[in-house]
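Coordinates as given in protein15.txt (compact mmCIF, C-alpha atoms):
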```
# COMPACT_ATOMS: atom_id res chain seq x y z
CA MET A 445 3.16 -10.69 -14.68
CA ALA A 446 6.37 -8.73 -14.97
CA LYS A 447 6.37 -5.41 -16.74
CA TYR A 448 9.06 -6.58 -19.18
CA SER A 449 9.59 -10.15 -20.28
CA TYR A 450 12.81 -12.05 -19.83
CA GLU A 451 13.28 -12.05 -23.62
CA GLN A 452 13.12 -8.24 -23.79
CA LYS A 453 15.62 -7.88 -20.99
CA HIS A 454 17.98 -10.47 -22.46
CA GLU A 455 17.83 -8.91 -25.93
CA ALA A 456 18.67 -5.46 -24.54
CA VAL A 457 21.54 -6.78 -22.41
CA LEU A 458 23.05 -8.75 -25.31
CA GLY A 459 22.72 -5.67 -27.51
CA VAL A 460 24.86 -3.70 -25.06
CA ILE A 461 27.38 -6.41 -24.17
CA GLU A 462 27.86 -8.28 -27.44
CA LYS A 463 26.93 -5.73 -30.10
CA GLY A 464 28.40 -2.72 -28.31
CA LEU A 465 25.19 -0.69 -28.48
CA SER A 466 24.62 2.22 -26.17
CA PHE A 467 22.05 1.90 -23.41
CA SER A 468 19.75 4.25 -25.29
CA ALA A 469 20.07 2.38 -28.59
CA ALA A 470 19.43 -1.00 -26.95
CA GLY A 471 16.45 0.51 -25.14
CA GLU A 472 14.97 1.85 -28.36
CA ILE A 473 15.21 -1.56 -30.02
CA VAL A 474 13.32 -3.22 -27.17
CA GLY A 475 11.10 -0.22 -26.39
CA VAL A 476 12.33 0.64 -22.88
CA SER A 477 14.23 3.49 -21.28
CA LYS A 478 18.01 3.53 -21.06
CA TRP A 479 17.71 3.42 -17.25
CA ASN A 480 16.04 0.02 -17.41
CA VAL A 481 18.74 -1.26 -19.75
CA GLN A 482 21.45 0.01 -17.38
CA LYS A 483 19.79 -1.78 -14.47
CA TRP A 484 19.47 -5.01 -16.44
CA VAL A 485 23.12 -4.90 -17.53
CA ARG A 486 24.20 -4.44 -13.91
CA LEU A 487 22.03 -7.36 -12.84
CA TYR A 488 23.38 -9.49 -15.67
CA ASN A 489 27.00 -8.65 -14.83
CA GLU A 490 26.45 -9.37 -11.15
CA HIS A 491 24.22 -12.47 -11.31
CA GLY A 492 24.27 -13.69 -14.91
CA VAL A 493 21.06 -14.80 -16.59
CA GLU A 494 19.48 -15.39 -13.17
CA GLY A 495 19.62 -11.65 -12.51
CA LEU A 496 17.17 -10.96 -15.33
CA VAL A 497 14.46 -13.16 -13.82
CA ARG A 498 12.29 -11.06 -11.54
CA LYS A 499 12.13 -12.32 -7.99
CA ASN A 500 9.52 -11.22 -5.50
CA GLY A 501 9.88 -11.99 -1.88
CA THR A 502 10.12 -10.77 1.65
CA TYR A 503 13.33 -9.98 3.43
CA ASP A 504 14.07 -10.37 7.11
CA GLY A 505 15.39 -7.52 9.22
CA GLN A 506 18.94 -8.84 9.43
CA PHE A 507 19.18 -8.98 5.62
CA LYS A 508 17.90 -5.40 5.34
CA ILE A 509 20.48 -4.18 7.84
CA SER A 510 23.30 -6.04 6.10
CA VAL A 511 22.29 -4.50 2.74
CA ILE A 512 22.25 -0.95 4.15
CA GLU A 513 25.52 -1.38 6.02
CA TYR A 514 27.21 -2.99 3.01
CA MET A 515 26.05 -0.10 0.82
CA HIS A 516 27.54 2.45 3.23
CA ALA A 517 30.74 0.55 3.92
CA ASN A 518 31.50 0.18 0.22
CA HIS A 519 30.18 3.62 -0.81
CA LEU A 520 27.73 2.14 -3.32
CA SER A 521 24.73 3.86 -4.83
CA VAL A 522 21.25 2.49 -4.26
CA ILE A 523 21.13 1.16 -7.83
CA GLU A 524 24.49 -0.58 -7.49
CA THR A 525 23.34 -2.11 -4.22
CA THR A 526 20.11 -3.45 -5.71
CA ALA A 527 22.13 -5.05 -8.51
CA LYS A 528 24.62 -6.53 -6.05
CA PHE A 529 21.93 -8.18 -3.91
CA GLY A 530 19.44 -8.92 -6.72
CA ILE A 531 16.66 -6.82 -5.23
CA PRO A 532 14.09 -6.04 -7.96
CA SER A 533 13.44 -2.39 -7.14
CA HIS A 534 15.80 0.36 -6.02
CA SER A 535 12.93 2.04 -4.18
CA THR A 536 12.92 -0.90 -1.76
CA VAL A 537 16.48 -0.17 -0.69
CA GLN A 538 15.74 3.56 -0.54
CA LYS A 539 12.86 2.86 1.82
CA TRP A 540 15.06 0.63 4.02
CA GLU A 541 17.71 3.34 4.17
CA ARG A 542 15.16 5.99 5.16
CA ILE A 543 13.78 3.75 7.91
CA TYR A 544 17.32 2.92 9.07
CA TYR A 545 18.18 6.60 9.55
CA GLU A 546 14.83 7.92 10.77
CA GLU A 547 13.66 5.11 13.04
CA GLY A 548 16.79 3.09 13.75
CA ARG A 549 18.00 -0.44 13.04
CA ASP A 550 15.25 -2.14 15.02
CA ALA A 551 12.56 -0.61 12.81
CA LEU A 552 13.76 -2.78 9.90
CA PHE A 553 12.63 -5.88 11.80
CA ARG A 554 8.98 -4.72 11.75
CA ASP A 555 6.70 -5.84 8.95
CA ASN A 556 4.91 -2.65 7.85
CA ARG A 557 3.13 -4.00 4.81
CA GLY A 558 -0.63 -3.59 4.37
CA ARG A 559 -3.10 -1.66 6.44
CA ALA A 560 -2.47 -1.03 10.10
CA LYS A 561 -4.15 -3.54 12.40
CA ILE A 562 -6.80 -2.28 14.76
CA SER A 563 -6.10 -3.62 18.21
CA GLY A 564 -8.74 -3.81 20.92
CA GLU A 565 -12.15 -2.29 20.81
CA LYS A 566 -12.96 0.70 18.67
CA LYS A 567 -12.86 3.94 20.55
CA PRO A 568 -16.00 6.05 20.37
CA LYS A 569 -15.56 8.99 18.07
CA LYS A 570 -15.49 12.36 19.71
CA SER A 571 -18.19 14.71 18.57
CA LYS A 572 -17.02 17.67 16.57
CA LEU A 573 -20.28 19.52 17.22
CA ASN A 574 -20.84 22.32 19.65
CA LYS A 575 -22.05 21.00 23.03
CA ASN A 576 -25.27 23.11 23.00
CA PHE A 577 -26.00 22.14 19.41
CA GLU A 578 -25.54 18.47 20.28
CA GLU A 579 -27.95 18.77 23.25
CA ASP A 580 -30.51 20.49 21.00
CA LEU A 581 -30.27 17.64 18.48
CA ILE A 582 -30.78 15.04 21.20
CA ALA A 583 -33.82 16.94 22.56
CA GLU A 584 -35.31 17.22 19.07
CA CYS A 585 -34.79 13.51 18.47
CA GLN A 586 -36.60 12.67 21.75
CA ARG A 587 -39.46 15.04 20.88
CA LEU A 588 -39.85 13.44 17.43
CA ARG A 589 -39.87 9.96 18.99
CA MET A 590 -42.65 11.00 21.40
CA GLU A 591 -44.62 12.54 18.54
CA ASN A 592 -44.20 9.37 16.50
CA ALA A 593 -45.36 7.21 19.43
CA TYR A 594 -48.39 9.50 19.98
CA LEU A 595 -49.42 9.28 16.30
CA LYS A 596 -49.07 5.49 16.31
CA LYS A 597 -51.29 5.25 19.41
CA LEU A 598 -53.83 7.64 17.87
CA ASN A 599 -53.88 5.58 14.65
CA ALA A 600 -54.44 2.38 16.66
CA LEU A 601 -57.36 3.97 18.55
CA VAL A 602 -58.93 5.24 15.31
CA GLN A 603 -58.66 1.78 13.72
CA GLU A 604 -60.17 0.20 16.83
CA ARG A 605 -63.10 2.65 16.73
CA VAL A 606 -63.66 1.95 12.99
CA GLN A 607 -63.72 -1.80 13.65
CA ARG A 608 -66.23 -1.37 16.50
CA GLU A 609 -68.51 0.72 14.29
CA ASN A 610 -68.24 -1.76 11.41
CA GLY A 611 -69.01 -4.62 13.79
CA LYS A 612 -72.23 -3.02 15.13
CA LYS A 613 -73.74 -2.36 11.72
```

Spit out the file's structure as structure tokens when you get a sec.
Amino acid sequence: MAKYSYEQKHEAVLGVIEKGLSFSAAGEIVGVSKWNVQKWVRLYNEHGVEGLVRKNGTYDGQFKISVIEYMHANHLSVIETTAKFGIPSHSTVQKWERIYYEEGRDALFRDNRGRAKISGEKKPKKSKLNKNFEEDLIAECQRLRMENAYLKKLNALVQERVQRENGKK
């Protein structure tokens, strides 16, 4: 569900456009910040009523590149660009721009959503312990296993002896 309903957005936009309210005043009536009202008015002016309906979706790399290059060619802000292309969040365009400059155009064609996929077999973890300490732990583990095996054998012999004595009587 969207954070703000279509009715809230439409009421705020009509307050600004038709009633001549300030962004802050329209925001107070609806209970939102003036920044949200500004964004909604831009979307409404650019796309009409359709701009107020939240759209979620994925964008291909070519679209991302065209958005970034259009923004730079026309000297638009990120917020103006999101309104122009009907992208729900300005942070999306900011992220595309950062990737465009830091990693290059081709990086926008990758789908980086979700957790990174683990390819191949898992690599064994390297021990962070001191080598001597690790050898000592292994030796202690072997000693404890031998002790455990000895006690099990002793217990079995004792039980066998008890059964023999109970059988004779």

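Taking atom CA of A:Glu513 and atom CA of A:Phe529 as endpoints, the distance between them is 12.6 Å.
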
When you draw a straight line from atom CA of A:Met590 to atom CA of A:Arg608, how long is it in Å?
27.1 Å

Name the closest residue to A:Gly505 among the candidates A:Glu490, A:Glu462, A:Glu604, A:Asp555; distances are taken between atoms, counting all atoms listed in the file.
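Using all atoms listed in the file, A:Gly505 sits closest to A:Asp555.
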
Quick one: distance from atom CA of A:Val457 to atom CA of A:Ser477 in Å, one decimal?
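These two atoms are separated by 12.7 Å.
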
Nearest to A:Lys453, restricted to all atoms listed in the file and choosing among A:Trp479, A:Phe553, A:Trp484, A:Phe507, comes out as A:Trp484

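Across A:Cys585, A:Leu601, A:Val481, A:Val537, the tightest approach to A:Leu552 is made by A:Val537 when counting all atoms listed in the file.
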
Do you know which residues are at most 12 Å from A:Gly495 counting only C-alpha atoms, after dropping those on the same chain fewer than 4 positions away, and could you put them as a VMD selection string?
chain A and resid 450 453 to 454 457 483 to 491 499 526 to 532

Those selected residues, please, written with C-alpha atoms and delivered as a compact mmCIF listing (two decimals), in the coordinates of the input.
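Resulting contents of again17.txt:
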```
# COMPACT_ATOMS: atom_id res chain seq x y z
CA TYR A 450 12.81 -12.05 -19.83
CA LYS A 453 15.62 -7.88 -20.99
CA HIS A 454 17.98 -10.47 -22.46
CA VAL A 457 21.54 -6.78 -22.41
CA LYS A 483 19.79 -1.78 -14.47
CA TRP A 484 19.47 -5.01 -16.44
CA VAL A 485 23.12 -4.90 -17.53
CA ARG A 486 24.20 -4.44 -13.91
CA LEU A 487 22.03 -7.36 -12.84
CA TYR A 488 23.38 -9.49 -15.67
CA ASN A 489 27.00 -8.65 -14.83
CA GLU A 490 26.45 -9.37 -11.15
CA HIS A 491 24.22 -12.47 -11.31
CA LYS A 499 12.13 -12.32 -7.99
CA THR A 526 20.11 -3.45 -5.71
CA ALA A 527 22.13 -5.05 -8.51
CA LYS A 528 24.62 -6.53 -6.05
CA PHE A 529 21.93 -8.18 -3.91
CA GLY A 530 19.44 -8.92 -6.72
CA ILE A 531 16.66 -6.82 -5.23
CA PRO A 532 14.09 -6.04 -7.96
```

Mind checking which residues fall within 12 Å of A:Tyr448, counting only C-alpha atoms, ignoring those fewer than 6 positions away in the same chain, and posting them as a PyMOL selection string?
chain A and resi 454-456+471+474-477+480-481+484+496-498

Option closest in space to A:Gly492, from A:Leu458, A:Met515, A:Ile543, A:Ser510 [counting all atoms listed in the file]:
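Answer, going by the shortest atom-to-atom distance: A:Leu458.
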
Kindly complete stretch 461-496 of chain A to N, CA and C atoms; the output should be written as a short mmCIF file (atom, residue, chain, number, x, y, z; two decimals), keeping the file's coordinate frame.
```
data_model
loop_
_atom_site.label_atom_id
_atom_site.label_comp_id
_atom_site.auth_asym_id
_atom_site.auth_seq_id
_atom_site.Cartn_x
_atom_site.Cartn_y
_atom_site.Cartn_z
N ILE A 461 26.14 -5.67 -24.45
CA ILE A 461 27.38 -6.41 -24.17
C ILE A 461 28.03 -6.95 -25.44
N GLU A 462 27.27 -7.61 -26.28
CA GLU A 462 27.86 -8.28 -27.44
C GLU A 462 27.96 -7.38 -28.67
N LYS A 463 26.95 -6.57 -28.90
CA LYS A 463 26.93 -5.73 -30.10
C LYS A 463 27.54 -4.36 -29.87
N GLY A 464 27.79 -4.01 -28.62
CA GLY A 464 28.40 -2.72 -28.31
C GLY A 464 27.45 -1.54 -28.47
N LEU A 465 26.16 -1.78 -28.38
CA LEU A 465 25.19 -0.69 -28.48
C LEU A 465 25.20 0.16 -27.21
N SER A 466 24.77 1.38 -27.35
CA SER A 466 24.62 2.22 -26.17
C SER A 466 23.35 1.78 -25.42
N PHE A 467 23.25 2.24 -24.19
CA PHE A 467 22.05 1.90 -23.41
C PHE A 467 20.80 2.44 -24.10
N SER A 468 20.89 3.64 -24.61
CA SER A 468 19.75 4.25 -25.29
C SER A 468 19.35 3.49 -26.54
N ALA A 469 20.35 3.09 -27.34
CA ALA A 469 20.07 2.38 -28.59
C ALA A 469 19.45 1.02 -28.30
N ALA A 470 19.99 0.31 -27.31
CA ALA A 470 19.43 -1.00 -26.95
C ALA A 470 18.01 -0.83 -26.41
N GLY A 471 17.79 0.24 -25.66
CA GLY A 471 16.45 0.51 -25.14
C GLY A 471 15.45 0.80 -26.22
N GLU A 472 15.87 1.54 -27.25
CA GLU A 472 14.97 1.85 -28.36
C GLU A 472 14.59 0.61 -29.13
N ILE A 473 15.51 -0.31 -29.30
CA ILE A 473 15.21 -1.56 -30.02
C ILE A 473 14.13 -2.35 -29.28
N VAL A 474 14.26 -2.42 -27.97
CA VAL A 474 13.32 -3.22 -27.17
C VAL A 474 12.09 -2.40 -26.78
N GLY A 475 12.22 -1.07 -26.76
CA GLY A 475 11.10 -0.22 -26.39
C GLY A 475 11.06 0.10 -24.91
N VAL A 476 12.25 0.29 -24.30
CA VAL A 476 12.33 0.64 -22.88
C VAL A 476 13.29 1.81 -22.72
N SER A 477 13.33 2.37 -21.54
CA SER A 477 14.23 3.49 -21.28
C SER A 477 15.66 2.99 -21.08
N LYS A 478 16.61 3.90 -21.24
CA LYS A 478 18.01 3.53 -21.06
C LYS A 478 18.30 3.17 -19.61
N TRP A 479 17.51 3.73 -18.68
CA TRP A 479 17.71 3.42 -17.25
C TRP A 479 17.39 1.96 -16.96
N ASN A 480 16.36 1.44 -17.59
CA ASN A 480 16.04 0.02 -17.41
C ASN A 480 17.15 -0.85 -17.97
N VAL A 481 17.67 -0.47 -19.14
CA VAL A 481 18.74 -1.26 -19.75
C VAL A 481 19.98 -1.24 -18.86
N GLN A 482 20.31 -0.08 -18.29
CA GLN A 482 21.45 0.01 -17.38
C GLN A 482 21.27 -0.92 -16.18
N LYS A 483 20.08 -0.93 -15.62
CA LYS A 483 19.79 -1.78 -14.47
C LYS A 483 19.93 -3.25 -14.85
N TRP A 484 19.40 -3.62 -16.01
CA TRP A 484 19.47 -5.01 -16.44
C TRP A 484 20.92 -5.45 -16.70
N VAL A 485 21.71 -4.56 -17.27
CA VAL A 485 23.12 -4.90 -17.53
C VAL A 485 23.85 -5.11 -16.21
N ARG A 486 23.58 -4.25 -15.23
CA ARG A 486 24.20 -4.44 -13.91
C ARG A 486 23.79 -5.78 -13.30
N LEU A 487 22.51 -6.08 -13.37
CA LEU A 487 22.03 -7.36 -12.84
C LEU A 487 22.67 -8.53 -13.57
N TYR A 488 22.79 -8.42 -14.87
CA TYR A 488 23.38 -9.49 -15.67
C TYR A 488 24.85 -9.66 -15.33
N ASN A 489 25.58 -8.56 -15.18
CA ASN A 489 27.00 -8.65 -14.83
C ASN A 489 27.21 -9.22 -13.44
N GLU A 490 26.30 -8.92 -12.54
CA GLU A 490 26.45 -9.37 -11.15
C GLU A 490 25.97 -10.81 -10.94
N HIS A 491 24.86 -11.17 -11.60
CA HIS A 491 24.22 -12.47 -11.31
C HIS A 491 24.05 -13.36 -12.54
N GLY A 492 24.46 -12.90 -13.70
CA GLY A 492 24.27 -13.69 -14.91
C GLY A 492 22.82 -13.67 -15.35
N VAL A 493 22.42 -14.71 -16.06
CA VAL A 493 21.06 -14.80 -16.59
C VAL A 493 20.03 -14.79 -15.46
N GLU A 494 20.39 -15.35 -14.33
CA GLU A 494 19.48 -15.39 -13.17
C GLU A 494 19.06 -13.99 -12.74
N GLY A 495 19.92 -13.01 -12.92
CA GLY A 495 19.62 -11.65 -12.51
C GLY A 495 18.50 -11.01 -13.30
N LEU A 496 18.23 -11.53 -14.49
CA LEU A 496 17.17 -10.96 -15.33
C LEU A 496 15.80 -11.51 -15.00
#
```
